[in-house]
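Novice: First the structure, which I've put down as structure tokens, then a few questions once you've had a look.
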Amino acid sequence: MMEGFRTEVVDSHLIPSLRKPIAQILWIGCSDSGWAETRTLDLLPEEIIVHRSPGDLVSNNDLSTLSTLEYALGILKVDHIVICGHYGCRLVNTHADSSPLCEWLRSIYPPLSPSSTYTTYSQQHSDVNALYNAHRPELDALPISADRDRRLVELHVWAQTQVLLARPDIIKAQAERGLKVHGFVYDDAKDQCVDLIAGGSYHPSRGIMSVL
Ligand SMILES: [Zn+2]
């Protein structure tokens, strides 16, 4: 399955600063990312609420994540949520076989809907890396393992944005104040952050994302 998104380097002014210490972004990053949240966008530190989890995971089974979402959406009333993964994340590409890491990774792809691909694959495969299985033909077509790992990280971040967009509280905030959900991936080798943007296709032979 090819996901319809492309990548572009994040514009530091993508989200304009208010120049006031008012939270306007909930930033969900990975516990082992070395990327400082305030480096990507030209914002005051107070404008970004940070939540980190192993694998920048949005889990319906995690009280910390759910509390952070409720706080950011209902009390701080942020206008943006950023999911920021990073290339080379060992958590996204790991195959744990014991708890608790196994259970944590198993919840990476919670149900989007009763018929969603992620749900189907999670139920059919005991393997923790259900997303890889869901995209196995596309990923296995990439001859270089590093390219497969990078693509899996992008698919993972994209999946997390889709999980958020399916939540009733997100849908409500979108309708009420135009809340936006962004998927970023930090590229350590290039010292830059890319934005996953809906619309586009992936070309395994060229190893790049491009516009349709
Ligand atoms: Zn990581």
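In the structure tokens, chains take the letters A, B, ... in the order shown, each chain's residues start at 1, and ligands count up from 1 in the order shown.
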If we count only C-alpha atoms, what is near Pro16 in chain A at a cut-off of 12 Å, once residues fewer than 5 positions away on the same chain are taken out, given as a ChimeraX atom specification?
Specialist: /A:11,24-25,41-44,47,79-80
Novice: With all heavy atoms retained, write the just-selected residues as a PDB file, in the first residue's frame.
Specialist:
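Ended up saving to result20.pdb:
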```
ATOM      1  N   ASP A  11       9.362  24.847   6.987  1.00  0.00           N
ATOM      2  CA  ASP A  11       9.612  26.291   7.029  1.00  0.00           C
ATOM      3  C   ASP A  11       9.557  26.725   8.496  1.00  0.00           C
ATOM      4  O   ASP A  11       8.579  26.451   9.189  1.00  0.00           O
ATOM      5  CB  ASP A  11       8.533  27.012   6.214  1.00  0.00           C
ATOM      6  CG  ASP A  11       8.699  28.529   6.209  1.00  0.00           C
ATOM      7  OD1 ASP A  11       9.482  29.055   7.028  1.00  0.00           O
ATOM      8  OD2 ASP A  11       8.031  29.178   5.394  1.00  0.00           O
ATOM      9  N   GLN A  24       0.685  27.359  21.990  1.00  0.00           N
ATOM     10  CA  GLN A  24      -0.138  27.187  20.795  1.00  0.00           C
ATOM     11  C   GLN A  24       0.147  25.867  20.088  1.00  0.00           C
ATOM     12  O   GLN A  24      -0.543  25.510  19.142  1.00  0.00           O
ATOM     13  CB  GLN A  24       0.017  28.360  19.826  1.00  0.00           C
ATOM     14  CG  GLN A  24       1.422  28.602  19.297  1.00  0.00           C
ATOM     15  CD  GLN A  24       1.365  29.504  18.046  1.00  0.00           C
ATOM     16  OE1 GLN A  24       0.393  29.487  17.304  1.00  0.00           O
ATOM     17  NE2 GLN A  24       2.409  30.285  17.814  1.00  0.00           N
ATOM     18  N   ILE A  25       1.157  25.106  20.554  1.00  0.00           N
ATOM     19  CA  ILE A  25       1.484  23.826  19.915  1.00  0.00           C
ATOM     20  C   ILE A  25       1.677  22.739  20.972  1.00  0.00           C
ATOM     21  O   ILE A  25       2.346  22.959  21.986  1.00  0.00           O
ATOM     22  CB  ILE A  25       2.803  23.926  19.118  1.00  0.00           C
ATOM     23  CG1 ILE A  25       2.693  24.986  18.026  1.00  0.00           C
ATOM     24  CG2 ILE A  25       3.174  22.579  18.493  1.00  0.00           C
ATOM     25  CD1 ILE A  25       4.007  25.236  17.321  1.00  0.00           C
ATOM     26  N   LEU A  41      10.945  25.369  14.635  1.00  0.00           N
ATOM     27  CA  LEU A  41      10.088  26.519  14.352  1.00  0.00           C
ATOM     28  C   LEU A  41      10.568  27.735  15.133  1.00  0.00           C
ATOM     29  O   LEU A  41      11.080  27.609  16.242  1.00  0.00           O
ATOM     30  CB  LEU A  41       8.638  26.184  14.735  1.00  0.00           C
ATOM     31  CG  LEU A  41       8.025  24.990  13.992  1.00  0.00           C
ATOM     32  CD1 LEU A  41       6.698  24.600  14.620  1.00  0.00           C
ATOM     33  CD2 LEU A  41       7.842  25.310  12.519  1.00  0.00           C
ATOM     34  N   ASP A  42      10.377  28.898  14.533  1.00  0.00           N
ATOM     35  CA  ASP A  42      10.814  30.144  15.161  1.00  0.00           C
ATOM     36  C   ASP A  42       9.759  30.581  16.180  1.00  0.00           C
ATOM     37  O   ASP A  42       8.937  31.453  15.912  1.00  0.00           O
ATOM     38  CB  ASP A  42      11.007  31.216  14.084  1.00  0.00           C
ATOM     39  CG  ASP A  42      11.534  32.510  14.673  1.00  0.00           C
ATOM     40  OD1 ASP A  42      12.103  32.474  15.784  1.00  0.00           O
ATOM     41  OD2 ASP A  42      11.352  33.566  14.034  1.00  0.00           O
ATOM     42  N   LEU A  43       9.811  29.941  17.336  1.00  0.00           N
ATOM     43  CA  LEU A  43       8.810  30.183  18.373  1.00  0.00           C
ATOM     44  C   LEU A  43       9.483  30.370  19.725  1.00  0.00           C
ATOM     45  O   LEU A  43      10.609  29.917  19.940  1.00  0.00           O
ATOM     46  CB  LEU A  43       7.844  29.003  18.470  1.00  0.00           C
ATOM     47  CG  LEU A  43       6.980  28.701  17.238  1.00  0.00           C
ATOM     48  CD1 LEU A  43       6.295  27.358  17.411  1.00  0.00           C
ATOM     49  CD2 LEU A  43       5.958  29.796  17.025  1.00  0.00           C
ATOM     50  N   LEU A  44       8.779  31.012  20.632  1.00  0.00           N
ATOM     51  CA  LEU A  44       9.258  31.079  22.011  1.00  0.00           C
ATOM     52  C   LEU A  44       9.086  29.700  22.651  1.00  0.00           C
ATOM     53  O   LEU A  44       8.140  28.979  22.324  1.00  0.00           O
ATOM     54  CB  LEU A  44       8.445  32.111  22.796  1.00  0.00           C
ATOM     55  CG  LEU A  44       8.452  33.557  22.291  1.00  0.00           C
ATOM     56  CD1 LEU A  44       7.499  34.397  23.137  1.00  0.00           C
ATOM     57  CD2 LEU A  44       9.856  34.121  22.329  1.00  0.00           C
ATOM     58  N   GLU A  47       5.703  28.687  23.835  1.00  0.00           N
ATOM     59  CA  GLU A  47       4.630  28.457  22.874  1.00  0.00           C
ATOM     60  C   GLU A  47       4.479  26.973  22.538  1.00  0.00           C
ATOM     61  O   GLU A  47       3.566  26.588  21.818  1.00  0.00           O
ATOM     62  CB  GLU A  47       4.887  29.255  21.584  1.00  0.00           C
ATOM     63  CG  GLU A  47       4.771  30.758  21.774  1.00  0.00           C
ATOM     64  CD  GLU A  47       5.008  31.538  20.497  1.00  0.00           C
ATOM     65  OE1 GLU A  47       6.191  31.806  20.166  1.00  0.00           O
ATOM     66  OE2 GLU A  47       4.026  31.865  19.828  1.00  0.00           O
ATOM     67  N   ASP A  79      -3.592  25.303  19.078  1.00  0.00           N
ATOM     68  CA  ASP A  79      -4.121  25.333  17.708  1.00  0.00           C
ATOM     69  C   ASP A  79      -3.407  24.355  16.784  1.00  0.00           C
ATOM     70  O   ASP A  79      -3.814  24.182  15.631  1.00  0.00           O
ATOM     71  CB  ASP A  79      -4.004  26.752  17.135  1.00  0.00           C
ATOM     72  CG  ASP A  79      -4.929  27.725  17.853  1.00  0.00           C
ATOM     73  OD1 ASP A  79      -6.074  27.334  18.168  1.00  0.00           O
ATOM     74  OD2 ASP A  79      -4.504  28.866  18.121  1.00  0.00           O
ATOM     75  N   HIS A  80      -2.306  23.749  17.280  1.00  0.00           N
ATOM     76  CA  HIS A  80      -1.534  22.827  16.440  1.00  0.00           C
ATOM     77  C   HIS A  80      -1.057  21.641  17.289  1.00  0.00           C
ATOM     78  O   HIS A  80      -0.723  21.814  18.469  1.00  0.00           O
ATOM     79  CB  HIS A  80      -0.291  23.508  15.854  1.00  0.00           C
ATOM     80  CG  HIS A  80      -0.599  24.707  15.011  1.00  0.00           C
ATOM     81  ND1 HIS A  80      -0.779  24.637  13.648  1.00  0.00           N
ATOM     82  CD2 HIS A  80      -0.772  26.014  15.362  1.00  0.00           C
ATOM     83  CE1 HIS A  80      -1.040  25.853  13.178  1.00  0.00           C
ATOM     84  NE2 HIS A  80      -1.040  26.703  14.201  1.00  0.00           N
TER      85      HIS A  80
END
```
Novice: Could you write out, as a VMD selection string, all the residues of range 6-207 of chain A that DSSP marks as strand (DSSP E)?
Specialist: chain A and resid 6 to 9 25 to 30 48 to 53 80 to 86 180 to 187 192 to 198 201 to 203
Novice: When distances are computed from only C-alpha atoms, which of A:Leu26, A:Ile144, A:Val78, A:Val194 shows the smallest separation from Glu176 in chain A?
Specialist: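 Checking each candidate against Glu176 in chain A, we get A:Val78 as the closest.
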Novice: Write out as a list in words each polymer residue (protein, DNA or RNA) that has an atom no more than 10 Å from ligand 1, with only C-alpha atoms and all ligand atoms counted.
Specialist: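 These are the residues that qualify: Gly29, Cys30, Ser31, Asp32, Ser33, Gly34, Arg52, Ser53, Pro54, Gly55, Asp56, Leu57, Cys84, Gly85, His86, Tyr87, Gly88, Cys89, Arg90, Leu91, Val92, Asn93 and Val153 of chain A.
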Novice: State, in Å with one decimal place, the distance from CA of Val58 in chain A to CA of Gly178 in chain A.
Specialist: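 Taking CA of Val58 in chain A as the start and CA of Gly178 in chain A as the end point, the length is 20.7 Å.
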Novice: Give me the residues near Asp169 in chain A as a list in words, where near means some atom within 9 Å (using only C-alpha atoms) and where sequence neighbours in that chain fewer than 5 positions away do not count.
Specialist: Leu69, Glu70, Leu73, Gly74, Leu164 and Gln174 of chain A
